[in-house]
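Enquirer: For reference, this is start_36.txt, and it has compact mmCIF, C-alpha atoms.
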# COMPACT_ATOMS: atom_id res chain seq x y z
CA MET R 1202 0.00 0.00 0.00
CA ARG R 1203 2.89 2.33 -0.74
CA ASN R 1204 0.64 4.44 -2.98
CA ILE R 1205 -1.15 5.79 0.10
CA GLY R 1206 0.11 9.08 1.48
CA VAL R 1207 -0.94 11.99 3.64
CA ASP R 1208 -2.25 15.24 2.21
CA ALA R 1209 0.64 17.62 2.97
CA ASP R 1210 -1.44 20.77 2.38
CA ARG R 1211 -4.23 19.59 4.67
CA LEU R 1212 -1.75 18.62 7.39
CA TRP R 1213 -0.10 22.03 7.17
CA ALA R 1214 -3.46 23.82 7.26
CA ALA R 1215 -4.52 21.89 10.38
CA THR R 1216 -1.23 22.72 12.10
CA MET R 1217 -1.63 26.40 11.28
CA GLN R 1218 -5.27 26.42 12.40
CA MET R 1219 -4.37 24.81 15.71
CA GLY R 1220 -1.56 27.36 16.08
CA GLU R 1221 -4.09 30.20 15.92
CA ILE R 1222 -5.34 29.18 19.38
CA GLY R 1223 -3.05 31.10 21.69
CA ALA R 1224 -1.20 32.74 18.79
CA THR R 1225 1.42 35.32 19.72
CA ALA R 1226 2.39 38.52 17.95
CA LYS R 1227 5.69 37.06 16.74
CA GLY R 1228 4.19 33.94 15.16
CA GLY R 1229 4.44 31.58 18.11
CA CYS R 1230 1.93 30.04 20.48
CA HIS R 1231 1.13 30.54 24.17
CA ARG R 1232 -1.19 27.72 25.26
CA LEU R 1233 -0.47 26.49 28.77
CA ALA R 1234 -1.98 23.25 30.01
CA LEU R 1235 -5.58 23.36 31.24
CA THR R 1236 -6.14 27.02 30.39
CA ASP R 1237 -9.03 28.26 28.27
CA GLU R 1238 -6.71 28.20 25.24
CA ASP R 1239 -5.97 24.54 25.95
CA ARG R 1240 -9.71 23.87 26.21
CA ARG R 1241 -10.28 25.44 22.79
CA ALA R 1242 -7.48 23.35 21.28
CA ARG R 1243 -8.93 20.19 22.83
CA ASP R 1244 -12.39 21.05 21.52
CA LEU R 1245 -11.03 21.53 18.00
CA PHE R 1246 -9.15 18.23 18.11
CA GLY R 1247 -12.27 16.42 19.31
CA ASP R 1248 -14.44 18.03 16.63
CA TRP R 1249 -11.99 16.99 13.90
CA MET R 1250 -11.80 13.41 15.16
CA ARG R 1251 -15.55 12.98 15.46
CA ALA R 1252 -15.95 14.38 11.94
CA ALA R 1253 -13.46 11.72 10.80
CA GLY R 1254 -15.67 8.98 12.26
CA CYS R 1255 -13.76 8.39 15.51
CA VAL R 1256 -15.24 7.81 18.95
CA VAL R 1257 -13.75 10.35 21.35
CA THR R 1258 -13.31 9.64 25.07
CA VAL R 1259 -11.59 11.53 27.87
CA ASP R 1260 -10.06 9.93 30.95
CA ALA R 1261 -9.83 11.25 34.50
CA ILE R 1262 -6.51 13.05 33.92
CA GLY R 1263 -7.84 14.71 30.75
CA ASN R 1264 -6.10 12.57 28.13
CA ILE R 1265 -8.18 12.53 24.94
CA PHE R 1266 -8.48 9.32 22.89
CA ALA R 1267 -9.94 9.33 19.38
CA ARG R 1268 -10.58 5.72 18.36
CA ARG R 1269 -10.93 4.63 14.74
CA GLU R 1270 -12.39 1.17 15.11
CA GLY R 1271 -10.72 -1.84 13.55
CA ALA R 1272 -12.23 -4.95 12.02
CA ASP R 1273 -11.44 -6.77 15.27
CA PRO R 1274 -12.33 -4.47 18.20
CA SER R 1275 -10.89 -6.98 20.65
CA LEU R 1276 -7.34 -6.31 19.45
CA PRO R 1277 -5.26 -3.79 21.41
CA PRO R 1278 -5.07 -0.45 19.61
CA VAL R 1279 -2.14 1.03 17.75
CA MET R 1280 -1.69 4.42 19.41
CA VAL R 1281 -0.34 7.61 17.88
CA GLY R 1282 -0.09 10.81 19.85
CA SER R 1283 1.62 13.81 21.37
CA HIS R 1284 0.41 16.94 23.20
CA LEU R 1285 -1.42 20.21 22.56
CA ASP R 1286 -0.04 22.34 25.41
CA THR R 1287 2.92 24.67 24.85
CA VAL R 1288 5.47 26.46 27.00
CA PRO R 1289 4.94 30.19 27.64
CA MET R 1290 5.52 32.14 24.42
CA GLY R 1291 6.52 28.94 22.61
CA GLY R 1292 6.10 27.72 19.05
CA LYS R 1293 3.36 26.16 16.91
CA PHE R 1294 5.08 22.81 16.36
CA ASP R 1295 6.40 21.35 19.62
CA GLY R 1296 3.79 18.74 20.47
CA PRO R 1297 0.86 19.85 18.30
CA ALA R 1298 2.61 18.76 15.09
CA GLY R 1299 2.57 15.19 16.38
CA VAL R 1300 -1.14 15.32 17.18
CA MET R 1301 -1.87 16.88 13.79
CA ALA R 1302 0.06 14.03 12.13
CA GLY R 1303 -2.31 11.64 13.89
CA VAL R 1304 -5.35 13.58 12.71
CA GLU R 1305 -4.04 13.54 9.15
CA LEU R 1306 -3.24 9.83 9.06
CA VAL R 1307 -6.85 9.04 10.06
CA ARG R 1308 -8.09 11.35 7.34
CA ALA R 1309 -5.76 9.68 4.84
CA LEU R 1310 -7.01 6.21 5.82
CA ASN R 1311 -10.57 7.46 5.29
CA ASP R 1312 -9.68 9.01 1.92
CA HIS R 1313 -8.35 5.68 0.67
CA GLY R 1314 -11.08 3.56 2.25
CA VAL R 1315 -8.57 1.57 4.30
CA ARG R 1316 -9.93 -0.62 7.07
CA THR R 1317 -7.37 -1.76 9.61
CA LYS R 1318 -7.60 -5.02 11.51
CA ALA R 1319 -6.70 -3.46 14.86
CA PRO R 1320 -8.17 -0.20 16.15
CA VAL R 1321 -6.13 2.98 15.77
CA GLU R 1322 -6.24 5.58 18.55
CA ILE R 1323 -4.99 9.15 18.26
CA VAL R 1324 -4.14 10.62 21.66
CA ALA R 1325 -3.67 14.15 22.97
CA TRP R 1326 -1.89 13.79 26.33
CA THR R 1327 -2.40 16.22 29.22
CA ASN R 1328 0.34 18.58 30.45
CA GLU R 1329 3.36 17.25 28.61
CA GLU R 1330 5.37 20.43 29.00
CA GLY R 1331 5.10 20.81 32.76
CA SER R 1332 5.18 24.60 32.42
CA ARG R 1333 2.08 25.16 34.55
CA PHE R 1334 1.85 21.91 36.52
CA SER R 1335 4.66 19.57 37.59
CA PRO R 1336 5.74 16.96 36.65
CA PHE R 1337 5.98 17.09 32.87
CA THR R 1338 4.53 14.22 30.74
CA MET R 1339 1.83 14.10 33.41
CA GLY R 1340 -1.04 12.56 31.46
CA SER R 1341 1.04 9.86 29.81
CA SER R 1342 2.78 9.09 33.11
CA VAL R 1343 -0.54 8.53 34.88
CA PHE R 1344 -1.74 6.38 31.97
CA ALA R 1345 1.44 4.29 32.18
CA GLY R 1346 1.13 3.84 35.94
CA GLN R 1347 4.24 5.86 36.78
CA LEU R 1348 2.31 8.60 38.59
CA GLU R 1349 -0.70 8.21 40.87
CA LEU R 1350 -3.87 9.92 39.68
CA LYS R 1351 -4.48 11.48 43.10
CA ASP R 1352 -1.00 12.98 43.12
CA ALA R 1353 -1.46 14.39 39.63
CA HIS R 1354 -4.85 15.88 40.58
CA ALA R 1355 -3.28 17.49 43.66
CA ALA R 1356 -0.45 19.23 41.76
CA ARG R 1357 -0.86 22.99 42.04
CA ASP R 1358 -0.26 25.68 39.43
CA ILE R 1359 3.44 26.51 39.79
CA THR R 1360 2.93 29.88 38.06
CA ASP R 1361 0.65 30.94 40.96
CA PRO R 1362 1.37 28.64 43.92
CA LEU R 1363 -0.65 30.70 46.42
CA HIS R 1364 -3.86 31.20 44.46
CA GLY R 1365 -3.65 28.97 41.39
CA PRO R 1366 -5.80 25.85 40.93
CA THR R 1367 -4.81 22.24 41.29
CA VAL R 1368 -4.83 20.00 38.23
CA GLY R 1369 -8.10 18.48 39.38
CA GLU R 1370 -9.69 21.91 39.77
CA ALA R 1371 -8.35 23.11 36.41
CA LEU R 1372 -9.62 20.00 34.63
CA GLY R 1373 -13.07 20.60 36.09
CA ALA R 1374 -12.99 24.27 35.13
CA ILE R 1375 -12.37 23.53 31.46
CA GLY R 1376 -14.67 20.48 31.38
CA TYR R 1377 -11.99 17.88 30.72
CA GLN R 1378 -11.96 15.70 33.81
CA GLY R 1379 -13.37 12.74 31.94
CA ASP R 1380 -15.10 9.66 33.28
CA ALA R 1381 -13.04 7.06 31.41
CA PRO R 1382 -10.63 5.11 33.63
CA VAL R 1383 -6.97 6.05 33.36
CA GLY R 1384 -4.70 3.36 31.95
CA GLY R 1385 -5.14 -0.24 32.95
CA ARG R 1386 -4.69 -1.35 29.35
CA ARG R 1387 -1.74 -2.00 27.09
CA PRO R 1388 -1.73 -0.67 23.53
CA ALA R 1389 -0.27 -2.86 20.82
CA CYS R 1390 2.33 -0.12 20.37
CA TYR R 1391 2.76 3.63 20.56
CA LEU R 1392 4.13 5.95 17.88
CA GLU R 1393 4.96 9.64 18.10
CA MET R 1394 6.18 12.24 15.65
CA HIS R 1395 7.95 15.30 17.01
CA ILE R 1396 10.12 18.11 15.77
CA GLU R 1397 13.81 17.59 16.51
CA GLN R 1398 14.16 20.78 18.59
CA GLY R 1399 17.77 20.99 17.49
CA PRO R 1400 19.81 21.88 14.39
CA HIS R 1401 21.31 18.54 13.36
CA MET R 1402 18.71 17.24 10.89
CA ALA R 1403 18.43 20.54 9.04
CA ASP R 1404 22.22 20.94 8.97
CA GLU R 1405 22.59 17.42 7.51
CA ASP R 1406 19.67 17.83 5.06
CA LEU R 1407 17.76 14.91 6.64
CA GLN R 1408 14.02 14.42 6.35
CA VAL R 1409 13.42 11.90 9.15
CA GLY R 1410 15.24 11.04 12.35
CA ILE R 1411 14.72 7.57 13.83
CA VAL R 1412 14.81 8.07 17.60
CA THR R 1413 16.58 5.09 19.15
CA GLY R 1414 16.71 6.36 22.73
CA SER R 1415 17.61 9.28 24.93
CA PHE R 1416 20.30 11.13 26.76
CA GLN R 1417 20.37 10.71 30.54
CA SER R 1418 19.21 13.69 32.58
CA ARG R 1419 19.28 14.48 36.28
CA TYR R 1420 17.18 17.24 37.80
CA PHE R 1421 17.95 19.06 41.05
CA VAL R 1422 16.61 21.74 43.35
CA ALA R 1423 19.34 23.75 45.03
CA THR R 1424 18.27 25.61 48.16
CA ILE R 1425 20.62 28.53 48.77
CA THR R 1426 20.34 30.07 52.22
CA GLY R 1427 22.11 33.35 52.97
CA GLU R 1428 20.83 36.07 55.29
CA GLN R 1429 17.84 38.36 54.84
CA ALA R 1430 18.66 41.99 55.63
CA HIS R 1431 17.90 45.62 54.76
CA VAL R 1432 19.43 46.68 51.44
CA GLY R 1433 20.41 50.15 52.66
CA PRO R 1434 22.06 49.94 56.09
CA THR R 1435 23.75 46.54 55.55
CA PRO R 1436 27.41 47.07 54.46
CA MET R 1437 28.46 45.23 51.33
CA ALA R 1438 31.18 43.36 53.20
CA GLY R 1439 28.70 41.93 55.65
CA ARG R 1440 26.10 40.72 53.19
CA ARG R 1441 25.15 37.13 52.46
CA ASP R 1442 22.82 37.83 49.54
CA ALA R 1443 21.24 34.53 48.47
CA LEU R 1444 20.58 35.81 44.95
CA VAL R 1445 24.19 36.89 44.42
CA ILE R 1446 25.37 33.52 45.74
CA THR R 1447 22.91 31.81 43.40
CA SER R 1448 24.34 33.79 40.49
CA ARG R 1449 27.78 32.31 41.17
CA LEU R 1450 26.27 28.82 41.19
CA VAL R 1451 24.39 29.45 37.92
CA LEU R 1452 27.65 30.37 36.21
CA GLU R 1453 29.23 27.15 37.46
CA ILE R 1454 26.28 25.12 36.16
CA ASP R 1455 26.68 26.70 32.74
CA ARG R 1456 30.43 26.06 32.77
CA ILE R 1457 29.92 22.38 33.62
CA GLY R 1458 27.61 21.85 30.66
CA ARG R 1459 30.16 23.40 28.31
CA ALA R 1460 33.04 21.38 29.76
CA TYR R 1461 31.74 17.94 28.73
CA GLY R 1462 31.85 18.10 24.96
CA ALA R 1463 29.18 18.42 22.32
CA ASP R 1464 26.80 16.12 24.22
CA GLY R 1465 27.08 18.02 27.50
CA ARG R 1466 24.02 19.97 28.59
CA SER R 1467 23.21 21.97 31.71
CA ASN R 1468 20.84 24.73 32.67
CA ALA R 1469 19.26 26.57 35.59
CA PRO R 1470 15.92 27.79 34.22
CA HIS R 1471 13.80 28.51 37.27
CA ILE R 1472 14.24 30.31 40.61
CA GLU R 1473 12.01 31.04 43.58
CA LEU R 1474 13.22 34.03 45.58
CA PHE R 1475 12.34 34.85 49.18
CA PRO R 1476 11.12 37.33 50.23
CA ASN R 1477 11.32 38.83 46.68
CA VAL R 1478 10.46 42.41 47.68
CA ARG R 1479 12.14 45.75 47.20
CA GLY R 1480 14.30 46.89 50.06
CA VAL R 1481 15.22 43.42 51.34
CA ILE R 1482 18.34 41.40 50.60
CA PRO R 1483 17.14 37.92 49.56
CA GLY R 1484 17.62 35.31 52.26
CA VAL R 1485 16.64 32.12 50.43
CA VAL R 1486 16.61 31.04 46.79
CA LYS R 1487 15.35 27.75 45.38
CA LEU R 1488 17.04 27.06 42.04
CA SER R 1489 15.91 24.32 39.64
CA CYS R 1490 18.72 22.96 37.50
CA ASP R 1491 19.73 19.88 35.54
CA VAL R 1492 22.63 18.19 33.79
CA ARG R 1493 22.37 15.92 30.74
CA HIS R 1494 24.69 13.75 28.65
CA SER R 1495 24.54 10.83 26.23
CA ASP R 1496 27.20 8.97 28.28
CA ALA R 1497 26.06 7.83 31.75
CA ARG R 1498 29.63 7.93 33.10
CA GLN R 1499 30.07 11.51 31.96
CA LEU R 1500 26.75 12.44 33.51
CA GLN R 1501 27.89 11.02 36.85
CA ARG R 1502 31.03 13.15 36.65
CA MET R 1503 28.89 16.20 35.87
CA GLU R 1504 26.80 15.63 38.98
CA GLU R 1505 29.90 15.15 41.12
CA GLU R 1506 31.37 18.37 39.78
CA LEU R 1507 28.10 20.22 40.39
CA ARG R 1508 28.06 19.09 44.01
CA ALA R 1509 31.72 20.03 44.49
CA CYS R 1510 31.14 23.49 43.03
CA ALA R 1511 28.09 24.01 45.24
CA ALA R 1512 30.17 23.18 48.31
CA ILE R 1513 32.90 25.62 47.29
CA VAL R 1514 30.44 28.45 46.57
CA ALA R 1515 28.67 27.84 49.89
CA ARG R 1516 31.93 27.90 51.87
CA GLU R 1517 33.31 31.00 50.20
CA SER R 1518 29.99 32.83 50.55
CA ARG R 1519 29.34 31.83 54.18
CA ALA R 1520 26.04 30.30 53.07
CA THR R 1521 24.46 26.87 52.91
CA ILE R 1522 23.55 25.13 49.66
CA GLU R 1523 21.48 21.95 49.76
CA LEU R 1524 21.33 20.08 46.45
CA GLU R 1525 18.46 17.60 46.17
CA ARG R 1526 18.06 15.34 43.14
CA TYR R 1527 14.30 15.06 42.59
CA TYR R 1528 14.03 13.36 39.19
CA GLU R 1529 16.08 11.30 36.76
CA PHE R 1530 15.25 10.65 33.14
CA GLY R 1531 16.91 8.09 30.89
CA PRO R 1532 18.86 6.71 29.36
CA ILE R 1533 16.02 4.94 27.61
CA HIS R 1534 16.09 2.65 24.59
CA PHE R 1535 13.07 2.42 22.35
CA HIS R 1536 11.89 -1.07 21.48
CA PRO R 1537 14.19 -2.60 18.84
CA ASP R 1538 11.25 -3.89 16.80
CA MET R 1539 9.80 -0.38 16.62
CA VAL R 1540 13.14 1.15 15.70
CA ALA R 1541 13.58 -1.47 12.97
CA LEU R 1542 10.04 -0.84 11.67
CA LEU R 1543 10.61 2.91 11.47
CA ARG R 1544 14.00 2.48 9.77
CA ARG R 1545 12.54 0.09 7.22
CA THR R 1546 9.46 2.24 6.58
CA THR R 1547 11.52 5.39 6.16
CA ALA R 1548 13.91 3.69 3.75
CA GLU R 1549 11.06 2.23 1.67
CA LEU R 1550 9.50 5.68 1.38
CA GLY R 1551 12.84 7.03 0.17
CA TYR R 1552 13.41 9.65 2.86
CA ARG R 1553 16.89 10.74 3.87
CA HIS R 1554 17.30 9.63 7.47
CA ARG R 1555 19.57 8.55 10.28
CA ASP R 1556 19.33 7.34 13.88
CA ILE R 1557 19.18 10.07 16.51
CA LEU R 1558 18.89 10.43 20.30
CA THR R 1559 16.42 12.70 22.05
CA VAL R 1560 17.76 15.08 24.67
CA ALA R 1561 14.25 16.10 25.81
CA GLY R 1562 11.50 14.10 27.46
CA HIS R 1563 8.43 13.08 25.47
CA ASP R 1564 5.19 11.18 26.08
CA ALA R 1565 6.73 8.21 24.27
CA VAL R 1566 9.07 7.75 27.24
CA PRO R 1567 6.45 6.66 29.84
CA LEU R 1568 4.54 4.76 27.12
CA ASN R 1569 7.72 2.80 26.41
CA THR R 1570 7.39 1.19 29.84
CA ILE R 1571 4.07 -0.49 28.99
CA CYS R 1572 4.22 -1.19 25.26
CA PRO R 1573 6.66 -1.15 22.33
CA SER R 1574 7.12 2.51 21.47
CA GLY R 1575 8.86 4.44 18.74
CA MET R 1576 9.48 8.03 17.70
CA VAL R 1577 10.39 9.88 14.56
CA PHE R 1578 11.81 13.39 14.41
CA VAL R 1579 11.30 15.89 11.63
CA ALA R 1580 13.64 18.78 10.98
CA SER R 1581 13.53 22.01 12.96
CA ARG R 1582 14.43 25.14 11.04
CA ALA R 1583 15.62 28.59 12.22
CA GLY R 1584 18.78 27.05 13.64
CA GLY R 1585 16.82 24.33 15.41
CA ILE R 1586 15.46 26.70 18.04
CA SER R 1587 12.49 25.47 20.06
CA HIS R 1588 10.48 26.61 23.10
CA ASN R 1589 10.57 29.95 21.32
CA GLU R 1590 8.19 31.86 19.07
CA LYS R 1591 10.68 31.46 16.19
CA GLU R 1592 10.30 27.65 16.25
CA SER R 1593 9.83 26.51 12.65
CA SER R 1594 9.37 23.46 10.44
CA THR R 1595 8.12 23.25 6.86
CA ARG R 1596 5.14 21.70 5.13
CA ASP R 1597 7.39 19.01 3.65
CA ASP R 1598 9.05 18.32 7.00
CA LEU R 1599 5.72 17.53 8.62
CA ALA R 1600 4.50 15.48 5.67
CA ALA R 1601 7.61 13.27 5.73
CA GLY R 1602 7.13 12.37 9.37
CA ALA R 1603 3.39 11.85 8.99
CA ASN R 1604 3.89 9.52 6.03
CA VAL R 1605 6.30 7.41 8.07
CA LEU R 1606 3.71 7.24 10.87
CA LEU R 1607 0.95 6.33 8.43
CA HIS R 1608 2.83 3.38 6.97
CA ALA R 1609 4.14 2.20 10.33
CA VAL R 1610 0.53 2.19 11.57
CA LEU R 1611 -0.55 0.16 8.55
CA ALA R 1612 2.22 -2.35 9.25
CA ARG R 1613 1.30 -2.71 12.93
CA ALA R 1614 -2.49 -2.49 12.73
CA GLY R 1615 -2.82 -4.64 9.60
CA VAL R 1616 -5.14 -4.09 6.67
CA VAL R 1617 -8.36 -5.90 5.81
CA ASP R 1618 -8.26 -6.98 2.16
Can you dump the structure from the file as structure tokens?

Expert:
Amino acid sequence: MRNIGVDADRLWAATMQMGEIGATAKGGCHRLALTDEDRRARDLFGDWMRAAGCVVTVDAIGNIFARREGADPSLPPVMVGSHLDTVPMGGKFDGPAGVMAGVELVRALNDHGVRTKAPVEIVAWTNEEGSRFSPFTMGSSVFAGQLELKDAHAARDITDPLHGPTVGEALGAIGYQGDAPVGGRRPACYLEMHIEQGPHMADEDLQVGIVTGSFQSRYFVATITGEQAHVGPTPMAGRRDALVITSRLVLEIDRIGRAYGADGRSNAPHIELFPNVRGVIPGVVKLSCDVRHSDARQLQRMEEELRACAAIVARESRATIELERYYEFGPIHFHPDMVALLRRTTAELGYRHRDILTVAGHDAVPLNTICPSGMVFVASRAGGISHNEKESSTRDDLAAGANVLLHAVLARAGVVD
């Protein structure tokens, strides 16, 4: 059935239409999880899927499943999905492009009158980004049994920790706390298309990246405790300004990432400052940071160096720095059968491709713990920038990835003659 393909123009139009919800002045998208913008995006996805003949259900964490029934409903479904939420002032493609690829492959199957043996389910997962509620990949993690539903529902809006809603409250407010049970079933497999979020594919003129696994990442919260004091009367020599001390640590974190070669990564993207008012020297800072590398031994050295640097900064600044590791991601390895299927499918379709690792987390990661999972990347343009309004991929980029998904789904779901 190699003559079947997606409609590239229709896929692009759907992606652009979805990007209008939460559109920013500079061409990006601001659509945080469980906001009204997210509700509108969810509604649009559901409308499209019902129009394509799918049955749409929502589970208790807000994951949306659009099921195209197979000839044998008893077979486990082939799942395809990603997420609709974005980071603040992000792009149109990170996450939504993967959901739109799922929408398009169902439309393409309908266009060609293809009936699969197994059901096909297109999924929009809740709160993948983790920008408003922590942890990230929340919906897929609850589905996969890695996070308790009650704990997910209790997570509070980190952008407004004093007055913001919990996940459970936000789901109720937008009408997406569904009545379907969460998880408890194993798909036949899971497939996800995503933009690369880096420059390598575009630089190498590749159309498809076969994601074989991931870097390893370790996430920390550093609590820096100095001394709160008045900004005016306190002499400079006597200050223990927690924010200044934190600044020294941030520079060390950046240096560590740069010191471990091309695969080294580090960042310190989020701080909580106390008391965070004019006229008062900060006494306490909580700093979120992480280190990442493709080599587990190098990552261990990065953590050891981070801890050593924190101890030195604390001693020299007459402060205390507590470094708590709260999460670890990877290294993961996607199922070899899925990797082989995606390689073979991509080659048969004639796309330029190579194997690639993901440095970021995706919904395919928790799904990989309960079923064979696979990912394909498509090229990111504008230097590979992502989580930014300038994030960019082309019509042909998206079509290449969606065609690979379409034919991988046909191979796994089977076709009724």

Enquirer: Once you count only C-alpha atoms, which residues end up no further than 10 Å from (-16.0, 16.0, 34.0) in the file's frame, shown as a ChimeraX atom specification?

Expert: /R:1259-1263,1369,1372-1381

Enquirer: Which of these, R:Gly1458, R:Pro1320, R:Gly1410, R:Pro1567, has the shortest distance to R:Phe1344 once you count only C-alpha atoms?

Expert: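 For R:Phe1344, the nearest of the candidates is R:Pro1567.
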
Enquirer: One number please: atom CA of R:Gly1303 to atom CA of R:Val1324, in Å, one decimal.

Expert: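 Going from atom CA of R:Gly1303 over to atom CA of R:Val1324, I get 8.0 Å.
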
Enquirer: When you count only C-alpha atoms, which of these residues is closest to R:Lys1293: R:Pro1388, R:Pro1274, R:Pro1336, R:Gly1223?

Expert: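 Smallest separation from R:Lys1293 among the options: R:Gly1223.
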
Enquirer: Choose the residue, out of R:Gly1615, R:Gly1291, R:Gly1439, R:Pro1297, that has the smallest atom-to-atom separation from R:Gly1427; count all atoms listed in the file.

Expert: R:Gly1439

Enquirer: Near R:Met1301, within 7 Å and counting all atoms listed in the file, which residues show up once chain neighbours fewer than 6 positions away are dropped, as a list in words?

Expert: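 Neighbouring residues, sequence-local ones excluded: Leu1212, Ala1215 and Thr1216 of chain R.
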
Enquirer: When you look at R:Ile1425 with a cut-off of 7 Å (counting all atoms listed in the file), what residues show up, excluding the ones that are within fewer than 4 positions of it in the same chain? I need them as a list in words.

Expert: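 Final neighbour list, sorted by chain and number: Ala1443, Thr1447, Val1485, Val1486, Lys1487, Thr1521, Ile1522 and Glu1523 of chain R.
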
Enquirer: Write a file of the just-selected residues containing C-alpha atoms, as a PDB file, in the frame of the given file.

Expert:
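What ended up in part_31.pdb:
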ATOM      1  CA  ALA R1443      21.240  34.530  48.470  1.00  0.00           C
ATOM      2  CA  THR R1447      22.910  31.810  43.400  1.00  0.00           C
ATOM      3  CA  VAL R1485      16.640  32.120  50.430  1.00  0.00           C
ATOM      4  CA  VAL R1486      16.610  31.040  46.790  1.00  0.00           C
ATOM      5  CA  LYS R1487      15.350  27.750  45.380  1.00  0.00           C
ATOM      6  CA  THR R1521      24.460  26.870  52.910  1.00  0.00           C
ATOM      7  CA  ILE R1522      23.550  25.130  49.660  1.00  0.00           C
ATOM      8  CA  GLU R1523      21.480  21.950  49.760  1.00  0.00           C
TER       9      GLU R1523
END

Enquirer: Calculate how many Å separate atom CA of R:Leu1348 from atom CA of R:Ser1335, rounding to one decimal.

Expert: 11.3 Å

Enquirer: Given the choices R:Ile1323, R:Ile1396, R:Met1280, R:Ile1482, which gets closest to R:Pro1436 if the distance is worked out from all atoms listed in the file?

Expert: R:Ile1482

Enquirer: Would you list the residues near (-6.8, 21.9, 19.2), meaning any protein, DNA or RNA residue with an atom at most 9 Å from that point in file coordinates, counting all atoms listed in the file, as an mmCIF file with C-alpha atoms, in the frame of the given file?

Expert:
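This is the output file selection31.cif:
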data_model
loop_
_atom_site.group_PDB
_atom_site.id
_atom_site.type_symbol
_atom_site.label_atom_id
_atom_site.label_comp_id
_atom_site.auth_asym_id
_atom_site.auth_seq_id
_atom_site.Cartn_x
_atom_site.Cartn_y
_atom_site.Cartn_z
ATOM 1 C CA GLN R 1218 -5.270 26.420 12.400
ATOM 2 C CA MET R 1219 -4.370 24.810 15.710
ATOM 3 C CA GLY R 1220 -1.560 27.360 16.080
ATOM 4 C CA ILE R 1222 -5.340 29.180 19.380
ATOM 5 C CA GLU R 1238 -6.710 28.200 25.240
ATOM 6 C CA ASP R 1239 -5.970 24.540 25.950
ATOM 7 C CA ARG R 1240 -9.710 23.870 26.210
ATOM 8 C CA ARG R 1241 -10.280 25.440 22.790
ATOM 9 C CA ALA R 1242 -7.480 23.350 21.280
ATOM 10 C CA ARG R 1243 -8.930 20.190 22.830
ATOM 11 C CA ASP R 1244 -12.390 21.050 21.520
ATOM 12 C CA LEU R 1245 -11.030 21.530 18.000
ATOM 13 C CA PHE R 1246 -9.150 18.230 18.110
ATOM 14 C CA GLY R 1247 -12.270 16.420 19.310
ATOM 15 C CA ASP R 1248 -14.440 18.030 16.630
ATOM 16 C CA TRP R 1249 -11.990 16.990 13.900
ATOM 17 C CA LEU R 1285 -1.420 20.210 22.560
ATOM 18 C CA PRO R 1297 0.860 19.850 18.300
ATOM 19 C CA VAL R 1300 -1.140 15.320 17.180
ATOM 20 C CA MET R 1301 -1.870 16.880 13.790
#

Enquirer: Find the spatial neighbours of stretch 1461-1477 of chain R, counting all atoms listed in the file, within a cut-off of 10 Å - ignore same-chain residues fewer than 2 positions away - and output them as an mmCIF file with C-alpha atoms, in the coordinates of the input.

Expert:
data_model
loop_
_atom_site.group_PDB
_atom_site.id
_atom_site.type_symbol
_atom_site.label_atom_id
_atom_site.label_comp_id
_atom_site.auth_asym_id
_atom_site.auth_seq_id
_atom_site.Cartn_x
_atom_site.Cartn_y
_atom_site.Cartn_z
ATOM 1 C CA PHE R 1416 20.300 11.130 26.760
ATOM 2 C CA SER R 1418 19.210 13.690 32.580
ATOM 3 C CA ARG R 1419 19.280 14.480 36.280
ATOM 4 C CA TYR R 1420 17.180 17.240 37.800
ATOM 5 C CA PHE R 1421 17.950 19.060 41.050
ATOM 6 C CA VAL R 1422 16.610 21.740 43.350
ATOM 7 C CA ALA R 1423 19.340 23.750 45.030
ATOM 8 C CA THR R 1424 18.270 25.610 48.160
ATOM 9 C CA ILE R 1425 20.620 28.530 48.770
ATOM 10 C CA THR R 1426 20.340 30.070 52.220
ATOM 11 C CA GLN R 1429 17.840 38.360 54.840
ATOM 12 C CA ALA R 1443 21.240 34.530 48.470
ATOM 13 C CA LEU R 1444 20.580 35.810 44.950
ATOM 14 C CA THR R 1447 22.910 31.810 43.400
ATOM 15 C CA LEU R 1450 26.270 28.820 41.190
ATOM 16 C CA VAL R 1451 24.390 29.450 37.920
ATOM 17 C CA LEU R 1452 27.650 30.370 36.210
ATOM 18 C CA GLU R 1453 29.230 27.150 37.460
ATOM 19 C CA ILE R 1454 26.280 25.120 36.160
ATOM 20 C CA ASP R 1455 26.680 26.700 32.740
ATOM 21 C CA ARG R 1456 30.430 26.060 32.770
ATOM 22 C CA ILE R 1457 29.920 22.380 33.620
ATOM 23 C CA GLY R 1458 27.610 21.850 30.660
ATOM 24 C CA ARG R 1459 30.160 23.400 28.310
ATOM 25 C CA ARG R 1479 12.140 45.750 47.200
ATOM 26 C CA GLY R 1480 14.300 46.890 50.060
ATOM 27 C CA VAL R 1481 15.220 43.420 51.340
ATOM 28 C CA ILE R 1482 18.340 41.400 50.600
ATOM 29 C CA PRO R 1483 17.140 37.920 49.560
ATOM 30 C CA GLY R 1484 17.620 35.310 52.260
ATOM 31 C CA VAL R 1485 16.640 32.120 50.430
ATOM 32 C CA VAL R 1486 16.610 31.040 46.790
ATOM 33 C CA LYS R 1487 15.350 27.750 45.380
ATOM 34 C CA LEU R 1488 17.040 27.060 42.040
ATOM 35 C CA SER R 1489 15.910 24.320 39.640
ATOM 36 C CA CYS R 1490 18.720 22.960 37.500
ATOM 37 C CA ASP R 1491 19.730 19.880 35.540
ATOM 38 C CA VAL R 1492 22.630 18.190 33.790
ATOM 39 C CA ARG R 1493 22.370 15.920 30.740
ATOM 40 C CA HIS R 1494 24.690 13.750 28.650
ATOM 41 C CA SER R 1495 24.540 10.830 26.230
ATOM 42 C CA ASP R 1496 27.200 8.970 28.280
ATOM 43 C CA GLN R 1499 30.070 11.510 31.960
ATOM 44 C CA LEU R 1500 26.750 12.440 33.510
ATOM 45 C CA ARG R 1502 31.030 13.150 36.650
ATOM 46 C CA MET R 1503 28.890 16.200 35.870
ATOM 47 C CA VAL R 1560 17.760 15.080 24.670
#
